[in-house]
Amino acid sequence: VKLRPHAKTHKSADIGRVQMQAGAAGVCVQKVSEAEALIDMGASNVLISNEVIAPHKLMRVANLAQRVSGRRGQLGIVVDSLQGVDALAAAMARVSTRIDVFVEINVGQNRCGVAPGAAAVPLVQAISRHASMRFAGLQAYNGKLQHMRAVSARREAVAQAALQIQATRDALAAEGFEVPLVTGGGTGAFAIEV
C-alpha cells in the first residue's frame, strides 16, 4: 500500500515534498496546469488522475514528462479510451521519455472510466504498442462513496469496487498483462479501501 495524496487541495510543492518525506509515493493532481506548477517547484513524482485528450494539453503533458524524467522523476496520467491512448501516443512521440499510463475503470463514480472487466484489455494492448508509454496499472476511484454517511454502506461500496477491480485484473491476466498497481481511494473511505 502506497499513499499518493491529492495536491488539488494544497497546490503546494513544499507541502508535497513534506508529504513525500513522510513516506508518500508522490502526489496526484486533477489538471495539467496543477502538474506544471508542482513540477516547476520541484515535484518529481506526479500523477494526473484525470483524462486529457486535447492535443495542445497533451503536448504540455509530454513536455512535463520529459522535464521530470531529467530529474529522475516520473509523470503518470489516466486514460479511458482508445482515442485518449492515440492522442497521448502522438504527443509522446515528440519527446524522448516514457510516461506511466493508468487505465481508469468505472467502479461507481459514473463520470469516466471503461466498464470493469474485458473493456480494459484493448486499452492496455494499445498502450503496450508504444515505447513511450508504460502500462502502470488501473485507476479505480469512486468519489461518491467518500460521502456515504454509514460505514456499512462504504464497506459495501468498497467490496463491490474490489470485485470489479478483480474482474478487470483477471481479464488482463487472461491476455498476458500484469497489473502493477491499483490506484484510487480517498480520505472518506481510505481505512476501508486499504
# chains A, B, ... in the order shown; residues from 1 in each chain; ligands from 1
call {"tool": "select_by_dssp", "arguments": {"residues": "chain A", "states": "helix (DSSP H, G or I)", "output": "MDAnalysis selection string"}}
result
chainID A and resid 13:21 32:40 55:69 82:92 118:128 143:147 151:174 190:193
call {"tool": "closest_atom_pairs", "arguments": {"of": "range 118-167 of chain A", "to": "range 44-55 of chain A", "cutoff": "12 Å", "atoms": "only C-alpha atoms", "output": "JSON lines"}}
result
{"residue": "A:Ala136", "atom": "CA", "partner": "A:Leu47", "partner_atom": "CA", "distance": 10.8}
{"residue": "A:Gly137", "atom": "CA", "partner": "A:Leu47", "partner_atom": "CA", "distance": 12.0}
{"residue": "A:Leu138", "atom": "CA", "partner": "A:Ser49", "partner_atom": "CA", "distance": 10.8}
{"residue": "A:Gln139", "atom": "CA", "partner": "A:Ser49", "partner_atom": "CA", "distance": 8.0}
{"residue": "A:Ala140", "atom": "CA", "partner": "A:Ser49", "partner_atom": "CA", "distance": 10.4}
{"residue": "A:Tyr141", "atom": "CA", "partner": "A:Ser49", "partner_atom": "CA", "distance": 9.5}
call {"tool": "select_by_dssp", "arguments": {"residues": "range 43-116 of chain A", "states": "strand (DSSP E or B)", "output": "list in words"}}
result
Asn45, Val46, Leu47, Ile48, Ser49, Asn50, Glu51, Gln74, Leu75, Gly76, Ile77, Val78, Val79, Ile99, Asp100, Val101, Phe102, Val103, Glu104, Ile105 and Val114 of chain A
call {"tool": "atom_distance", "arguments": {"atom1": "CA of Leu3 in chain A", "atom2": "CA of Ser96 in chain A"}}
result
28.6 Å
call {"tool": "residues_around", "arguments": {"residues": "Ala159 in chain A", "least_positions_apart": "5", "cutoff": "10 Å", "atoms": "only C-alpha atoms", "output": "PyMOL selection string"}}
result
chain A and resi 153-154+164-165+192-193
call {"tool": "write_last_selection", "arguments": {"atoms": "all heavy atoms", "output": "PDB file, in the first residue's frame"}}
result
ATOM      1  N   ALA A 153     -22.351   1.189   4.512  1.00  0.00           N
ATOM      2  CA  ALA A 153     -22.565   1.491   3.095  1.00  0.00           C
ATOM      3  C   ALA A 153     -21.221   1.682   2.388  1.00  0.00           C
ATOM      4  O   ALA A 153     -21.043   1.236   1.248  1.00  0.00           O
ATOM      5  CB  ALA A 153     -23.428   2.736   2.941  1.00  0.00           C
ATOM      6  N   ARG A 154     -20.276   2.318   3.061  1.00  0.00           N
ATOM      7  CA  ARG A 154     -18.943   2.486   2.476  1.00  0.00           C
ATOM      8  C   ARG A 154     -18.273   1.134   2.286  1.00  0.00           C
ATOM      9  O   ARG A 154     -17.654   0.866   1.257  1.00  0.00           O
ATOM     10  CB  ARG A 154     -18.068   3.384   3.356  1.00  0.00           C
ATOM     11  CG  ARG A 154     -18.498   4.827   3.351  1.00  0.00           C
ATOM     12  CD  ARG A 154     -17.579   5.665   4.188  1.00  0.00           C
ATOM     13  NE  ARG A 154     -18.186   6.961   4.447  1.00  0.00           N
ATOM     14  CZ  ARG A 154     -17.596   7.945   5.043  1.00  0.00           C
ATOM     15  NH1 ARG A 154     -16.349   7.805   5.474  1.00  0.00           N
ATOM     16  NH2 ARG A 154     -18.208   9.084   5.250  1.00  0.00           N
ATOM     17  N   GLN A 164     -15.017  -5.560  -8.950  1.00  0.00           N
ATOM     18  CA  GLN A 164     -14.850  -5.024 -10.305  1.00  0.00           C
ATOM     19  C   GLN A 164     -13.376  -4.922 -10.681  1.00  0.00           C
ATOM     20  O   GLN A 164     -12.995  -5.195 -11.820  1.00  0.00           O
ATOM     21  CB  GLN A 164     -15.552  -3.673 -10.413  1.00  0.00           C
ATOM     22  CG  GLN A 164     -17.056  -3.790 -10.264  1.00  0.00           C
ATOM     23  CD  GLN A 164     -17.749  -2.449 -10.121  1.00  0.00           C
ATOM     24  OE1 GLN A 164     -17.151  -1.473  -9.674  1.00  0.00           O
ATOM     25  NE2 GLN A 164     -19.006  -2.406 -10.500  1.00  0.00           N
ATOM     26  N   ILE A 165     -12.555  -4.531  -9.723  1.00  0.00           N
ATOM     27  CA  ILE A 165     -11.111  -4.473  -9.956  1.00  0.00           C
ATOM     28  C   ILE A 165     -10.577  -5.867 -10.248  1.00  0.00           C
ATOM     29  O   ILE A 165      -9.806  -6.071 -11.190  1.00  0.00           O
ATOM     30  CB  ILE A 165     -10.384  -3.853  -8.735  1.00  0.00           C
ATOM     31  CG1 ILE A 165     -10.763  -2.383  -8.584  1.00  0.00           C
ATOM     32  CG2 ILE A 165      -8.869  -4.026  -8.859  1.00  0.00           C
ATOM     33  CD1 ILE A 165     -10.408  -1.798  -7.218  1.00  0.00           C
ATOM     34  N   ILE A 192     -10.984   1.755   4.921  1.00  0.00           N
ATOM     35  CA  ILE A 192     -11.666   0.564   4.407  1.00  0.00           C
ATOM     36  C   ILE A 192     -10.977   0.086   3.119  1.00  0.00           C
ATOM     37  O   ILE A 192     -10.748  -1.111   2.930  1.00  0.00           O
ATOM     38  CB  ILE A 192     -13.150   0.868   4.138  1.00  0.00           C
ATOM     39  CG1 ILE A 192     -13.847   1.308   5.420  1.00  0.00           C
ATOM     40  CG2 ILE A 192     -13.858  -0.338   3.524  1.00  0.00           C
ATOM     41  CD1 ILE A 192     -15.221   1.923   5.209  1.00  0.00           C
ATOM     42  N   GLU A 193     -10.645   1.019   2.244  1.00  0.00           N
ATOM     43  CA  GLU A 193     -10.053   0.661   0.950  1.00  0.00           C
ATOM     44  C   GLU A 193      -8.688   0.013   1.112  1.00  0.00           C
ATOM     45  O   GLU A 193      -8.327  -0.841   0.309  1.00  0.00           O
ATOM     46  CB  GLU A 193      -9.971   1.904   0.058  1.00  0.00           C
ATOM     47  CG  GLU A 193     -11.368   2.329  -0.391  1.00  0.00           C
ATOM     48  CD  GLU A 193     -11.382   3.658  -1.111  1.00  0.00           C
ATOM     49  OE1 GLU A 193     -10.851   4.642  -0.571  1.00  0.00           O
ATOM     50  OE2 GLU A 193     -11.938   3.680  -2.209  1.00  0.00           O
TER      51      GLU A 193
END
call {"tool": "closest_residue", "arguments": {"among": "A:Val182, A:Ser69, A:Gly188, A:Pro5", "to": "Arg17 in chain A", "atoms": "only C-alpha atoms"}}
result
A:Pro5
call {"tool": "residues_around", "arguments": {"residues": "Leu123 in chain A", "least_positions_apart": "6", "cutoff": "8 Å", "atoms": "only C-alpha atoms", "output": "PyMOL selection string"}}
result
chain A and resi 80-82+85+103
call {"tool": "write_last_selection", "arguments": {"atoms": "N, CA, C and O atoms", "output": "PDB file, in the first residue's frame"}}
result
ATOM      1  N   ASP A  80      -9.041   6.538 -20.553  1.00  0.00           N
ATOM      2  CA  ASP A  80     -10.209   5.663 -20.514  1.00  0.00           C
ATOM      3  C   ASP A  80     -10.801   5.419 -21.900  1.00  0.00           C
ATOM      4  O   ASP A  80     -11.954   5.000 -22.024  1.00  0.00           O
ATOM      5  N   SER A  81      -9.992   5.665 -22.948  1.00  0.00           N
ATOM      6  CA  SER A  81     -10.486   5.427 -24.305  1.00  0.00           C
ATOM      7  C   SER A  81      -9.307   5.207 -25.239  1.00  0.00           C
ATOM      8  O   SER A  81      -8.183   5.650 -24.968  1.00  0.00           O
ATOM      9  N   LEU A  82      -9.579   4.537 -26.359  1.00  0.00           N
ATOM     10  CA  LEU A  82      -8.546   4.377 -27.379  1.00  0.00           C
ATOM     11  C   LEU A  82      -8.184   5.732 -27.976  1.00  0.00           C
ATOM     12  O   LEU A  82      -7.025   5.967 -28.329  1.00  0.00           O
ATOM     13  N   VAL A  85      -5.601   7.139 -25.703  1.00  0.00           N
ATOM     14  CA  VAL A  85      -4.310   6.479 -25.866  1.00  0.00           C
ATOM     15  C   VAL A  85      -3.623   6.987 -27.130  1.00  0.00           C
ATOM     16  O   VAL A  85      -2.436   7.330 -27.124  1.00  0.00           O
ATOM     17  N   VAL A 103      -5.117   2.902 -16.676  1.00  0.00           N
ATOM     18  CA  VAL A 103      -6.425   2.783 -17.301  1.00  0.00           C
ATOM     19  C   VAL A 103      -7.478   2.932 -16.211  1.00  0.00           C
ATOM     20  O   VAL A 103      -7.458   2.193 -15.214  1.00  0.00           O
TER      21      VAL A 103
END
call {"tool": "residues_around", "arguments": {"residues": "Asp170 in chain A", "least_positions_apart": "2", "cutoff": "12 Å", "atoms": "only C-alpha atoms", "output": "count of residues only"}}
result
20
call {"tool": "closest_residue", "arguments": {"among": "A:Arg98, A:His56, A:Lys2, A:His10", "to": "Val68 in chain A", "atoms": "only C-alpha atoms"}}
result
A:Arg98
